[in-house]
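Undergrad: So that you have it, the file is target26.cif, and it contains mmCIF, C-alpha atoms:
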```
data_my_file
#
loop_
_atom_site.group_PDB
_atom_site.id
_atom_site.type_symbol
_atom_site.label_atom_id
_atom_site.label_comp_id
_atom_site.auth_asym_id
_atom_site.auth_seq_id
_atom_site.Cartn_x
_atom_site.Cartn_y
_atom_site.Cartn_z
ATOM 1 C CA HIS J 1 0.000 0.000 0.000
ATOM 2 C CA ASN J 2 3.077 2.233 0.033
ATOM 3 C CA ASP J 3 3.870 4.109 -3.186
ATOM 4 C CA VAL J 4 7.586 4.633 -2.469
ATOM 5 C CA MET J 5 8.734 2.015 -4.997
ATOM 6 C CA THR J 6 6.401 3.447 -7.632
ATOM 7 C CA LYS J 7 7.928 6.902 -7.136
ATOM 8 C CA ILE J 8 11.484 5.542 -7.262
ATOM 9 C CA THR J 9 10.947 3.569 -10.474
ATOM 10 C CA SER J 10 9.106 6.492 -12.044
ATOM 11 C CA GLN J 11 12.069 8.782 -11.371
ATOM 12 C CA LEU J 12 14.514 6.244 -12.789
ATOM 13 C CA VAL J 13 12.492 5.997 -15.976
ATOM 14 C CA LYS J 14 11.987 9.747 -16.405
ATOM 15 C CA GLU J 15 15.319 11.130 -15.252
ATOM 16 C CA LEU J 16 17.733 8.417 -16.406
ATOM 17 C CA ASP J 17 15.700 7.069 -19.331
ATOM 18 C CA MET J 18 16.081 3.529 -17.990
ATOM 19 C CA ARG J 19 14.077 0.578 -19.279
ATOM 20 C CA LEU J 20 12.849 -1.244 -16.201
ATOM 21 C CA VAL J 21 10.924 -4.458 -15.757
ATOM 22 C CA ALA J 22 9.486 -5.728 -12.474
ATOM 23 C CA VAL J 23 10.213 -9.373 -11.685
ATOM 24 C CA HIS J 24 7.991 -10.754 -8.947
ATOM 25 C CA LEU J 25 9.081 -14.099 -7.478
ATOM 26 C CA ILE J 26 6.587 -16.454 -5.871
ATOM 27 C CA ASP J 27 7.690 -19.679 -4.202
ATOM 28 C CA SER J 28 6.237 -22.527 -6.256
ATOM 29 C CA THR J 29 5.675 -24.648 -3.127
ATOM 30 C CA LEU J 30 2.720 -22.324 -2.386
ATOM 31 C CA CYS J 31 0.857 -24.180 -5.142
ATOM 32 C CA VAL J 32 0.443 -27.101 -2.745
ATOM 33 C CA ASP J 33 -1.971 -25.015 -0.645
ATOM 34 C CA VAL J 34 -4.957 -23.524 -2.494
ATOM 35 C CA TYR J 35 -5.391 -20.554 -0.159
ATOM 36 C CA ARG J 36 -1.712 -19.604 -0.282
ATOM 37 C CA TYR J 37 -1.693 -19.917 -4.060
ATOM 38 C CA ILE J 38 -4.692 -17.607 -4.479
ATOM 39 C CA SER J 39 -3.106 -15.142 -2.037
ATOM 40 C CA ALA J 40 0.109 -15.216 -4.094
ATOM 41 C CA VAL J 41 -1.824 -14.538 -7.298
ATOM 42 C CA LEU J 42 -3.626 -11.592 -5.669
ATOM 43 C CA LEU J 43 -0.291 -10.254 -4.424
ATOM 44 C CA SER J 44 1.138 -10.506 -7.939
ATOM 45 C CA LEU J 45 -1.871 -8.676 -9.383
ATOM 46 C CA SER J 46 -1.545 -5.954 -6.754
ATOM 47 C CA ALA J 47 2.161 -5.491 -7.517
ATOM 48 C CA MET J 48 1.468 -5.251 -11.248
ATOM 49 C CA MET J 49 -1.105 -2.512 -10.740
ATOM 50 C CA GLN J 50 0.960 -0.647 -8.132
ATOM 51 C CA LEU J 51 4.303 -0.482 -9.941
ATOM 52 C CA GLU J 52 2.960 0.309 -13.416
ATOM 53 C CA LEU J 53 5.937 -1.353 -15.112
ATOM 54 C CA PRO J 54 6.369 -4.213 -17.577
ATOM 55 C CA HIS J 55 5.929 -7.140 -15.241
ATOM 56 C CA ILE J 56 7.053 -10.759 -15.135
ATOM 57 C CA ASN J 57 5.708 -13.111 -12.465
ATOM 58 C CA VAL J 58 7.950 -16.052 -11.681
ATOM 59 C CA LEU J 59 7.278 -19.364 -9.935
ATOM 60 C CA SER J 60 10.654 -20.047 -8.354
ATOM 61 C CA LYS J 61 12.133 -23.297 -7.020
ATOM 62 C CA ILE J 62 10.092 -25.501 -9.353
ATOM 63 C CA ASP J 63 12.600 -28.295 -8.806
ATOM 64 C CA MET J 64 11.279 -28.533 -5.233
ATOM 65 C CA VAL J 65 7.628 -28.747 -6.238
ATOM 66 C CA MET J 66 8.461 -31.439 -8.810
ATOM 67 C CA ASP J 67 9.107 -33.710 -5.823
ATOM 68 C CA ARG J 68 5.615 -32.961 -4.472
ATOM 69 C CA THR J 69 3.436 -33.340 -7.571
ATOM 70 C CA ASP J 70 1.237 -35.817 -5.685
ATOM 71 C CA ASP J 71 0.272 -32.948 -3.363
ATOM 72 C CA LEU J 72 -0.852 -30.764 -6.280
ATOM 73 C CA THR J 73 -4.521 -30.789 -7.252
ATOM 74 C CA PHE J 74 -3.610 -29.995 -10.870
ATOM 75 C CA GLY J 75 -0.497 -30.048 -13.016
ATOM 76 C CA LEU J 76 2.097 -27.306 -12.582
ATOM 77 C CA ASP J 77 1.149 -25.865 -15.990
ATOM 78 C CA TYR J 78 -2.316 -25.072 -14.564
ATOM 79 C CA TYR J 79 -0.816 -23.025 -11.730
ATOM 80 C CA ALA J 80 1.585 -21.265 -14.088
ATOM 81 C CA GLY J 81 -1.230 -20.277 -16.436
ATOM 82 C CA VAL J 82 -3.660 -19.086 -13.708
ATOM 83 C CA ALA J 83 -6.576 -20.214 -15.850
ATOM 84 C CA ASP J 84 -10.102 -21.232 -14.856
ATOM 85 C CA LEU J 85 -9.818 -20.779 -11.096
ATOM 86 C CA SER J 86 -13.362 -22.118 -10.745
ATOM 87 C CA GLN J 87 -11.823 -25.608 -10.864
ATOM 88 C CA LEU J 88 -9.649 -24.712 -7.903
ATOM 89 C CA LEU J 89 -12.669 -23.351 -6.005
ATOM 90 C CA TRP J 90 -14.509 -26.578 -6.664
ATOM 91 C CA THR J 91 -11.772 -28.522 -4.854
ATOM 92 C CA LEU J 92 -12.220 -26.194 -1.859
ATOM 93 C CA GLN J 93 -15.941 -26.846 -1.756
ATOM 94 C CA THR J 94 -15.561 -30.611 -1.959
ATOM 95 C CA ASN J 95 -13.213 -30.877 1.024
ATOM 96 C CA ARG J 96 -16.034 -29.632 3.315
ATOM 97 C CA HIS J 97 -13.615 -27.735 5.519
ATOM 98 C CA PRO J 98 -15.527 -25.280 7.788
ATOM 99 C CA LEU J 99 -13.523 -22.318 6.457
ATOM 100 C CA SER J 100 -14.199 -23.355 2.864
ATOM 101 C CA ILE J 101 -17.924 -23.320 3.547
ATOM 102 C CA ARG J 102 -17.844 -20.101 5.549
ATOM 103 C CA PHE J 103 -15.809 -18.148 2.971
ATOM 104 C CA LYS J 104 -17.301 -19.756 -0.140
ATOM 105 C CA GLU J 105 -18.680 -16.479 -1.516
ATOM 106 C CA PHE J 106 -15.534 -14.552 -0.633
ATOM 107 C CA ASN J 107 -13.363 -17.113 -2.443
ATOM 108 C CA ARG J 108 -15.627 -16.897 -5.498
ATOM 109 C CA ILE J 109 -15.325 -13.100 -5.634
ATOM 110 C CA MET J 110 -11.526 -13.258 -5.340
ATOM 111 C CA ALA J 111 -11.302 -15.786 -8.164
ATOM 112 C CA GLU J 112 -13.598 -13.710 -10.370
ATOM 113 C CA THR J 113 -11.535 -10.580 -9.695
ATOM 114 C CA ILE J 114 -8.343 -12.356 -10.790
ATOM 115 C CA GLU J 115 -9.967 -13.788 -13.912
ATOM 116 C CA ASP J 116 -11.651 -10.493 -14.850
ATOM 117 C CA TYR J 117 -8.281 -8.740 -14.977
ATOM 118 C CA GLY J 118 -6.705 -11.656 -16.839
ATOM 119 C CA LEU J 119 -3.219 -10.243 -16.319
ATOM 120 C CA VAL J 120 -1.490 -12.804 -14.117
ATOM 121 C CA ASN J 121 0.499 -15.790 -15.273
ATOM 122 C CA PHE J 122 3.808 -17.214 -14.136
ATOM 123 C CA GLU J 123 7.095 -18.233 -15.677
ATOM 124 C CA PRO J 124 8.567 -21.335 -14.012
ATOM 125 C CA LEU J 125 12.144 -21.005 -12.787
ATOM 126 C CA ASP J 126 14.789 -23.394 -11.539
ATOM 127 C CA ILE J 127 17.858 -21.205 -11.083
ATOM 128 C CA GLN J 128 20.138 -24.218 -11.609
ATOM 129 C CA ASP J 129 18.606 -24.911 -15.030
ATOM 130 C CA LYS J 130 20.157 -22.786 -17.783
ATOM 131 C CA GLU J 131 17.173 -23.091 -20.124
ATOM 132 C CA CYS J 132 14.774 -21.909 -17.396
ATOM 133 C CA ALA J 133 16.962 -18.925 -16.556
ATOM 134 C CA LEU J 134 17.354 -17.942 -20.221
ATOM 135 C CA ARG J 135 13.604 -18.198 -20.773
ATOM 136 C CA VAL J 136 12.877 -15.834 -17.861
ATOM 137 C CA LEU J 137 15.610 -13.462 -19.050
ATOM 138 C CA SER J 138 14.199 -13.406 -22.575
ATOM 139 C CA ARG J 139 10.707 -12.711 -21.183
ATOM 140 C CA CYS J 140 12.122 -9.743 -19.268
ATOM 141 C CA ASP J 141 13.954 -8.403 -22.311
ATOM 142 C CA THR J 142 10.824 -8.832 -24.425
ATOM 143 C CA ALA J 143 8.644 -7.079 -21.852
ATOM 144 C CA ASN J 144 10.764 -3.927 -21.728
ATOM 145 C CA GLY J 145 11.598 -3.878 -25.434
ATOM 146 C CA HIS J 146 15.337 -4.457 -24.941
ATOM 147 C CA ILE J 147 15.207 -7.579 -27.095
ATOM 148 C CA MET J 148 14.454 -5.445 -30.158
ATOM 149 C CA ASN J 149 17.968 -3.970 -29.772
ATOM 150 C CA ALA J 150 19.589 -7.360 -29.191
ATOM 151 C CA GLU J 151 21.594 -7.142 -32.432
ATOM 152 C CA LYS J 152 23.402 -4.091 -30.974
ATOM 153 C CA ILE J 153 24.834 -6.059 -28.039
ATOM 154 C CA GLU J 154 28.628 -6.036 -28.209
ATOM 155 C CA ASP J 155 30.379 -8.786 -26.285
ATOM 156 C CA PRO J 156 33.931 -9.586 -27.453
ATOM 157 C CA SER J 157 33.831 -12.943 -25.663
ATOM 158 C CA ASP J 158 30.570 -13.894 -27.421
ATOM 159 C CA PRO J 159 30.129 -12.136 -30.799
ATOM 160 C CA VAL J 160 26.696 -13.704 -31.412
ATOM 161 C CA ALA J 161 25.281 -12.999 -27.924
ATOM 162 C CA GLY J 162 22.704 -10.555 -29.270
ATOM 163 C CA ILE J 163 21.533 -12.937 -31.992
ATOM 164 C CA ARG J 164 21.127 -15.784 -29.519
ATOM 165 C CA LEU J 165 19.186 -13.538 -27.115
ATOM 166 C CA PHE J 166 16.815 -12.507 -29.908
ATOM 167 C CA GLN J 167 16.326 -16.111 -31.003
ATOM 168 C CA ALA J 168 15.733 -17.281 -27.424
ATOM 169 C CA GLY J 169 12.988 -14.690 -27.021
ATOM 170 C CA PHE J 170 10.959 -16.031 -29.912
ATOM 171 C CA SER J 171 11.954 -19.687 -30.272
ATOM 172 C CA ASP J 172 9.601 -20.898 -27.525
ATOM 173 C CA ALA J 173 6.955 -18.158 -27.821
ATOM 174 C CA GLY J 174 4.372 -20.594 -29.166
ATOM 175 C CA GLN J 175 5.376 -23.542 -26.995
ATOM 176 C CA HIS J 176 2.685 -24.857 -24.669
ATOM 177 C CA MET J 177 3.534 -24.712 -20.984
ATOM 178 C CA ASP J 178 2.855 -28.418 -20.427
ATOM 179 C CA THR J 179 5.312 -29.310 -23.202
ATOM 180 C CA TYR J 180 7.918 -26.934 -21.792
ATOM 181 C CA LEU J 181 7.553 -28.398 -18.287
ATOM 182 C CA GLU J 182 7.844 -31.949 -19.626
ATOM 183 C CA GLU J 183 11.135 -31.015 -21.276
ATOM 184 C CA TYR J 184 12.279 -29.346 -18.058
ATOM 185 C CA GLU J 185 11.427 -32.451 -16.035
ATOM 186 C CA GLU J 186 13.566 -34.545 -18.379
ATOM 187 C CA ARG J 187 16.490 -32.151 -17.866
ATOM 188 C CA LEU J 188 15.936 -32.205 -14.106
ATOM 189 C CA MET J 189 16.017 -36.010 -13.989
ATOM 190 C CA ALA J 190 19.174 -36.083 -16.117
ATOM 191 C CA ARG J 191 20.822 -33.510 -13.840
ATOM 192 C CA ARG J 192 19.988 -35.497 -10.730
ATOM 193 C CA VAL J 193 21.366 -38.669 -12.277
ATOM 194 C CA GLU J 194 24.631 -36.835 -13.034
ATOM 195 C CA GLU J 195 24.761 -35.465 -9.477
ATOM 196 C CA GLU J 196 24.205 -38.930 -8.011
ATOM 197 C CA ALA J 197 26.878 -40.401 -10.275
ATOM 198 C CA GLY J 198 29.297 -37.654 -9.181
ATOM 199 C CA THR J 199 28.540 -38.412 -5.531
ATOM 200 C CA LEU J 200 29.230 -42.116 -6.042
ATOM 201 C CA ASP J 201 32.514 -41.336 -7.811
ATOM 202 C CA ASP J 202 33.619 -39.262 -4.827
#
```
Show me this structure written as structure tokens.
TA:
Amino acid sequence: HNDVMTKITSQLVKELDMRLVAVHLIDSTLCVDVYRYISAVLLSLSAMMQLELPHINVLSKIDMVMDRTDDLTFGLDYYAGVADLSQLLWTLQTNRHPLSIRFKEFNRIMAETIEDYGLVNFEPLDIQDKECALRVLSRCDTANGHIMNAEKIEDPSDPVAGIRLFQAGFSDAGQHMDTYLEEYEERLMARRVEEEAGTLDD
């Protein structure tokens, strides 16, 4: 509810002509609990409206939630897309918890508010996975328009850095989230096998 950050970012944009993008990280383990997940989505929506900047919401630590998929009501792609929250509300109503019954109407209004705005979705991130990190980076560069100047990037150690950044921004633009997460899970399993093999060698 404090507008200090909004004022700071506004000054940076106006006075220094900086291209800023807000990156809002949400712990992916919150997806295990419906109430915490909805709260996180509302917080993300509030931040987007408050900061008035190009905005990327990120589900961090997805490698941890991959170990708890049995605790998820839906697949991780559902939580990343923030689509059709009525399905999530239905699971609350079926568990017959006293709080679910008492706040049924309140939960419905919150879900409708989120869906009416239609602004929130999440990019999954495992900081140890290069592809995940590059995808989030390319989303940030696309959001603030920096990617359109990617060909101007000068890096003596990597002459084609700008070209690769531009390609990364658009190569997976049409890729479905479930397909992307399946590919990530394969990389995660391969990484863990390598780590286990390294441990055994030691």
Undergrad: For the file shown, what are the residues hit by the PyMOL selection byres ((chain J and resi 185) around 12), laid out as a ChimeraX atom specification?
TA: /J:62-67,69,76,124-126,129,131-132,178-184,186-192
Undergrad: Translate the PyMOL selection byres ((chain J and resi 136) around 9), as applied to the file shown, into an explicit residue set as a VMD selection string.
TA: chain J and resid 56 58 123 to 125 131 to 135 137 to 141
Undergrad: Adding 5 Å on each side of the box along x, y and z that holds all listed atoms of region 184-199 of chain J, could you give its centre and edge lengths in Å to one decimal, as AutoDock Vina command-line options?
TA:
```
--center_x 20.4 --center_y -34.9 --center_z -12.0 --size_x 27.9 --size_y 21.1 --size_z 22.8
```
Undergrad: How would you write, as a list in words, the residues chosen by the PyMOL selection byres ((chain J and resi 45) around 10) on this structure?
TA: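 Going through the file, the PyMOL selection byres ((chain J and resi 45) around 10) ends up selecting Ser39, Ala40, Val41, Leu42, Leu43, Ser44, Ser46, Ala47, Met48, Met49, Gln50, His55, Asn57, Thr113, Ile114, Tyr117, Gly118, Leu119, Val120 and Asn121 of chain J.
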Undergrad: Ranking J:Gly145, J:Leu88, J:Met177, J:Leu20 by minimum distance to Val34 (chain J) and counting all atoms listed in the file, which one comes first?
TA: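 Counting all atoms listed in the file, the residue closest to Val34 (chain J) is J:Leu88.
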Undergrad: Figure out the distance between CA of Leu16 (chain J) and CA of Asn144 (chain J), please, to one decimal in Å.
TA: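 Straight-line distance from CA of Asn144 (chain J) to CA of Leu16 (chain J) works out to 15.1 Å.
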Undergrad: Counting all atoms listed in the file, find residues at most 12 Å from (-13.7, -14.8, -1.5) (file frame) and give them as a PyMOL selection string.
TA: chain J and resi 35+38-39+42+85-86+89+92+99-114
Undergrad: Provide the CA of Val32 (chain J) to CA of Val193 (chain J) distance in Å, to one decimal place.
TA: 25.7 Å
Undergrad: For a test of reading the model, state the distance in Å between CA of Leu53 (chain J) and CA of Glu115 (chain J), rounded to one decimal.
TA: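 CA of Glu115 (chain J) lies 20.2 Å from CA of Leu53 (chain J).
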Undergrad: Tell me which of J:Ala22, J:Val13, J:Leu51, J:Val4 sits closest to Ala143 (chain J), counting only C-alpha atoms.
TA: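 Nearest candidate to Ala143 (chain J) out of J:Ala22, J:Val13, J:Leu51, J:Val4: J:Ala22.
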